[in-house]
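Engineer: Below is a structure I'd like to ask you about.
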Amino acid sequence: MPSRRNFIQASTVAGAGLIATQLQQPAYAKEGVRIMDKLTDASGKYVAAPLPFAFDALEPVIDAHTVELHYTFHHKPAVVAANKAEEALAKARDSGDFGLVKFYEKELAFQLSSHVLHTIYWTSISGKGGEPKGALAKAITAEFGSYDKFKAQLIAATGAVEASGWGMLGYHAATGKLMILQCENHQKLTVWGVQPLLLLDVFEHAYYLKYQNRRPEYLNNLFAIINWDNVAERYDAARA
């Protein structure tokens, strides 16, 4: 099985149907070497980076077939759609015909948000569980009372997402607060300025083959593969 790679992608997901992402190239660590990861290629087109693990690396929590389908038929198509939306908006600017501007702006918000959140999700679940340490652990205790209270709220909030969406631990730089948020679809119910640190995907395609309608069971099991080192790196980068 390939070694798991941790990376930081600092990003800001904004609500109200819009997304503002920071597409700089934050570093991630692989065996002590600083490597850069980004959401785009050299030409500026959005690209899905290879998964940081083999399809079967998350078993028994998430089966290999679910990971393969999720990445291949949900994450990757969102990248293609985000590029198409930007191309359509460029054509609209050139032609002066903005008749479909509302559609393509909404499409960009949805598809690019999917790309950003999936990119973070894959590294959020590429670890060995346990509990956070260091500054992140102290911040969680200060904000939520204890790790157990934080975990209970995150599972409850994520499990209660209406239809499809995400549970998120984020950092709000303007206030210095850690926040647990729900995100419907990929871009709704978020808070301006929040940078995602940890994401739990509750679109049905993320768990239904193995867990069917047992979303709480899936969420509880996810904590066995949370990559707290990656979350901590994101937290440090967000504060910096």
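Note on naming: chains are A, B, ... as they come in the structure tokens, residues start from 1 per chain, ligands start from 1 in the order shown.
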Could you give me, as an NGL selection string, each residue of range 104-136 of chain A that DSSP assigns to helix (DSSP H, G or I) when run on this structure's backbone?

Structural biologist: :A and (104-124 or 134-136)

Engineer: Would you mind exporting the chosen residues as an mmCIF file, in the first residue's frame, restricted to C-alpha atoms?

Structural biologist:
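What landed in part.cif:
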data_model
loop_
_atom_site.group_PDB
_atom_site.id
_atom_site.type_symbol
_atom_site.label_atom_id
_atom_site.label_comp_id
_atom_site.auth_asym_id
_atom_site.auth_seq_id
_atom_site.Cartn_x
_atom_site.Cartn_y
_atom_site.Cartn_z
ATOM 1 C CA TYR A 104 -22.702 29.319 -14.503
ATOM 2 C CA GLU A 105 -21.922 31.306 -11.347
ATOM 3 C CA LYS A 106 -24.007 28.826 -9.332
ATOM 4 C CA GLU A 107 -22.380 25.936 -11.166
ATOM 5 C CA LEU A 108 -18.911 27.267 -10.355
ATOM 6 C CA ALA A 109 -19.807 27.733 -6.681
ATOM 7 C CA PHE A 110 -21.147 24.186 -6.416
ATOM 8 C CA GLN A 111 -18.504 22.335 -8.430
ATOM 9 C CA LEU A 112 -15.428 24.202 -7.213
ATOM 10 C CA SER A 113 -16.618 23.876 -3.626
ATOM 11 C CA SER A 114 -16.924 20.135 -4.235
ATOM 12 C CA HIS A 115 -13.324 20.051 -5.467
ATOM 13 C CA VAL A 116 -12.017 22.006 -2.473
ATOM 14 C CA LEU A 117 -13.925 20.021 0.122
ATOM 15 C CA HIS A 118 -13.130 16.625 -1.382
ATOM 16 C CA THR A 119 -9.436 17.527 -1.534
ATOM 17 C CA ILE A 120 -9.491 18.225 2.202
ATOM 18 C CA TYR A 121 -11.737 15.249 2.979
ATOM 19 C CA TRP A 122 -9.311 12.722 1.525
ATOM 20 C CA THR A 123 -6.553 13.894 3.841
ATOM 21 C CA SER A 124 -8.941 14.266 6.785
ATOM 22 C CA GLY A 134 -0.586 20.116 20.934
ATOM 23 C CA ALA A 135 -2.034 23.509 20.103
ATOM 24 C CA LEU A 136 -5.004 22.017 18.275
#

Engineer: When you look at range 57-73 of chain A with a cut-off of 9 Å (counting only C-alpha atoms), what residues show up, excluding the ones that are within fewer than 6 positions of it in the same chain? I need them as a tab-separated table (two decimals) with all heavy atoms, in the first residue's frame.

Structural biologist:
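Here's the written file result36.tsv:
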chain	number	residue	atom	x	y	z
A	1	MET	N	0.85	-1.20	0.00
A	1	MET	CA	0.00	0.00	0.00
A	1	MET	C	0.87	1.24	0.00
A	1	MET	O	1.82	1.33	0.78
A	1	MET	CB	-0.91	-0.01	1.24
A	1	MET	CG	-1.85	1.18	1.31
A	1	MET	SD	-2.87	1.12	2.84
A	1	MET	CE	-1.62	1.51	4.06
A	2	PRO	N	0.60	2.20	-0.86
A	2	PRO	CA	1.42	3.41	-0.89
A	2	PRO	C	1.36	4.12	0.45
A	2	PRO	O	0.37	4.08	1.16
A	2	PRO	CB	0.74	4.24	-2.00
A	2	PRO	CG	-0.05	3.28	-2.81
A	2	PRO	CD	-0.47	2.20	-1.86
A	4	ARG	N	0.84	7.03	3.08
A	4	ARG	CA	-0.15	8.10	3.08
A	4	ARG	C	0.54	9.45	3.13
A	4	ARG	O	1.49	9.64	3.87
A	4	ARG	CB	-1.07	7.92	4.29
A	4	ARG	CG	-1.90	6.65	4.21
A	4	ARG	CD	-2.64	6.42	5.49
A	4	ARG	NE	-3.52	5.26	5.37
A	4	ARG	CZ	-4.24	4.77	6.35
A	4	ARG	NH1	-4.19	5.32	7.53
A	4	ARG	NH2	-5.01	3.73	6.15
A	48	ALA	N	-7.73	17.22	-10.12
A	48	ALA	CA	-7.85	16.40	-8.91
A	48	ALA	C	-6.53	15.68	-8.69
A	48	ALA	O	-6.09	14.91	-9.55
A	48	ALA	CB	-8.99	15.40	-9.07
A	51	LEU	N	-5.23	10.34	-5.16
A	51	LEU	CA	-5.55	10.05	-3.77
A	51	LEU	C	-4.27	9.80	-2.97
A	51	LEU	O	-3.31	9.23	-3.50
A	51	LEU	CB	-6.45	8.81	-3.68
A	51	LEU	CG	-7.91	8.98	-4.04
A	51	LEU	CD1	-8.62	7.64	-3.99
A	51	LEU	CD2	-8.60	9.97	-3.12
A	118	HIS	N	-13.61	17.99	-1.20
A	118	HIS	CA	-13.13	16.63	-1.38
A	118	HIS	C	-11.62	16.54	-1.19
A	118	HIS	O	-11.11	15.57	-0.60
A	118	HIS	CB	-13.51	16.10	-2.78
A	118	HIS	CG	-14.88	15.54	-2.85
A	118	HIS	ND1	-15.93	16.21	-3.45
A	118	HIS	CD2	-15.39	14.37	-2.40
A	118	HIS	CE1	-17.02	15.47	-3.37
A	118	HIS	NE2	-16.73	14.36	-2.74
A	125	ILE	N	-9.25	11.89	6.33
A	125	ILE	CA	-9.50	10.50	6.71
A	125	ILE	C	-8.33	9.60	6.31
A	125	ILE	O	-8.51	8.42	6.05
A	125	ILE	CB	-10.80	9.98	6.10
A	125	ILE	CG1	-10.80	10.10	4.57
A	125	ILE	CG2	-12.00	10.72	6.69
A	125	ILE	CD1	-11.98	9.40	3.89
A	126	SER	N	-7.14	10.14	6.27
A	126	SER	CA	-5.97	9.36	5.87
A	126	SER	C	-5.05	9.06	7.05
A	126	SER	O	-3.86	8.86	6.89
A	126	SER	CB	-5.17	10.10	4.79
A	126	SER	OG	-4.63	11.30	5.31
A	205	HIS	N	-23.23	8.95	-1.40
A	205	HIS	CA	-22.24	8.17	-2.13
A	205	HIS	C	-20.98	7.91	-1.31
A	205	HIS	O	-20.17	7.06	-1.66
A	205	HIS	CB	-21.88	8.85	-3.47
A	205	HIS	CG	-21.32	10.22	-3.34
A	205	HIS	ND1	-21.96	11.35	-3.81
A	205	HIS	CD2	-20.16	10.67	-2.79
A	205	HIS	CE1	-21.23	12.41	-3.58
A	205	HIS	NE2	-20.12	12.03	-2.96
A	206	ALA	N	-20.79	8.65	-0.22
A	206	ALA	CA	-19.60	8.47	0.61
A	206	ALA	C	-19.69	7.26	1.52
A	206	ALA	O	-18.66	6.79	2.02
A	206	ALA	CB	-19.36	9.73	1.45
A	207	TYR	N	-20.91	6.74	1.75
A	207	TYR	CA	-21.03	5.66	2.74
A	207	TYR	C	-22.10	4.63	2.46
A	207	TYR	O	-22.17	3.59	3.13
A	207	TYR	CB	-21.31	6.28	4.12
A	207	TYR	CG	-22.60	7.05	4.24
A	207	TYR	CD1	-23.79	6.41	4.62
A	207	TYR	CD2	-22.64	8.41	4.01
A	207	TYR	CE1	-24.97	7.12	4.74
A	207	TYR	CE2	-23.82	9.13	4.12
A	207	TYR	CZ	-24.99	8.48	4.49
A	207	TYR	OH	-26.17	9.19	4.61
A	208	TYR	N	-22.95	4.82	1.45
A	208	TYR	CA	-24.17	4.02	1.35
A	208	TYR	C	-23.93	2.56	0.97
A	208	TYR	O	-24.71	1.68	1.35
A	208	TYR	CB	-25.15	4.66	0.36
A	208	TYR	CG	-26.58	4.59	0.86
A	208	TYR	CD1	-27.02	5.45	1.86
A	208	TYR	CD2	-27.48	3.66	0.35
A	208	TYR	CE1	-28.31	5.38	2.34
A	208	TYR	CE2	-28.78	3.59	0.82
A	208	TYR	CZ	-29.20	4.45	1.82
A	208	TYR	OH	-30.48	4.39	2.29
A	209	LEU	N	-22.88	2.27	0.22
A	209	LEU	CA	-22.63	0.87	-0.14
A	209	LEU	C	-22.40	0.00	1.09
A	209	LEU	O	-22.84	-1.15	1.15
A	209	LEU	CB	-21.42	0.76	-1.07
A	209	LEU	CG	-21.59	1.25	-2.51
A	209	LEU	CD1	-20.30	1.02	-3.29
A	209	LEU	CD2	-22.75	0.54	-3.20
A	210	LYS	N	-21.73	0.54	2.08
A	210	LYS	CA	-21.40	-0.22	3.29
A	210	LYS	C	-22.40	0.00	4.41
A	210	LYS	O	-22.79	-0.94	5.10
A	210	LYS	CB	-20.00	0.14	3.78
A	210	LYS	CG	-19.54	-0.63	5.01
A	210	LYS	CD	-18.12	-0.25	5.39
A	210	LYS	CE	-17.66	-0.98	6.64
A	210	LYS	NZ	-17.48	-2.42	6.40
A	218	TYR	N	-21.48	5.23	10.40
A	218	TYR	CA	-20.39	5.67	9.50
A	218	TYR	C	-19.58	6.79	10.15
A	218	TYR	O	-18.34	6.75	10.17
A	218	TYR	CB	-21.00	6.11	8.17
A	218	TYR	CG	-20.20	7.08	7.35
A	218	TYR	CD1	-19.04	6.70	6.68
A	218	TYR	CD2	-20.61	8.40	7.22
A	218	TYR	CE1	-18.31	7.60	5.91
A	218	TYR	CE2	-19.91	9.31	6.45
A	218	TYR	CZ	-18.76	8.91	5.80
A	218	TYR	OH	-18.05	9.82	5.04
A	221	ASN	N	-17.43	5.60	13.03
A	221	ASN	CA	-16.30	4.81	12.56
A	221	ASN	C	-15.23	5.67	11.89
A	221	ASN	O	-14.04	5.32	11.91
A	221	ASN	CB	-16.78	3.74	11.58
A	221	ASN	CG	-17.50	2.61	12.28
A	221	ASN	OD1	-17.44	2.48	13.51
A	221	ASN	ND2	-18.20	1.78	11.53
A	222	LEU	N	-15.62	6.79	11.30
A	222	LEU	CA	-14.65	7.67	10.66
A	222	LEU	C	-13.57	8.13	11.64
A	222	LEU	O	-12.42	8.38	11.24
A	222	LEU	CB	-15.33	8.89	10.06
A	222	LEU	CG	-15.93	8.80	8.67
A	222	LEU	CD1	-16.43	10.17	8.21
A	222	LEU	CD2	-14.92	8.25	7.66
A	224	ALA	N	-11.92	6.58	13.58
A	224	ALA	CA	-10.80	5.64	13.65
A	224	ALA	C	-9.74	5.93	12.60
A	224	ALA	O	-8.63	5.39	12.68
A	224	ALA	CB	-11.30	4.20	13.49
A	225	ILE	N	-10.07	6.77	11.60
A	225	ILE	CA	-9.11	7.06	10.54
A	225	ILE	C	-8.89	8.56	10.35
A	225	ILE	O	-8.37	9.00	9.33
A	225	ILE	CB	-9.54	6.41	9.20
A	225	ILE	CG1	-10.96	6.82	8.81
A	225	ILE	CG2	-9.41	4.90	9.28
A	225	ILE	CD1	-11.37	6.33	7.42

Engineer: If we count only C-alpha atoms and set the cut-off at 8 Å, which residues sit around range 145-158 of chain A, ignoring sequence neighbours fewer than 4 positions away in its own chain? Please answer as a PyMOL selection string.

Structural biologist: chain A and resi 131+137+140-141+166-169+180-182+200+202+216+219-220

Engineer: Just to confirm, what's the straight-line distance from CA of Gly165 in chain A to CA of Leu189 in chain A in Å (one decimal)?

Structural biologist: 9.9 Å

Engineer: As a VMD selection string, which residues of range 9-202 of chain A does DSSP assign to strand (DSSP E or B)?

Structural biologist: chain A and resid 27 to 30 33 to 36 40 46 165 to 172 177 to 184 188 194 to 201

Engineer: Which residue gives the smallest distance to Asp201 in chain A among A:Ala238, A:Asp94, A:Phe103, A:Ala163, with only C-alpha atoms counted?

Structural biologist: A:Ala163
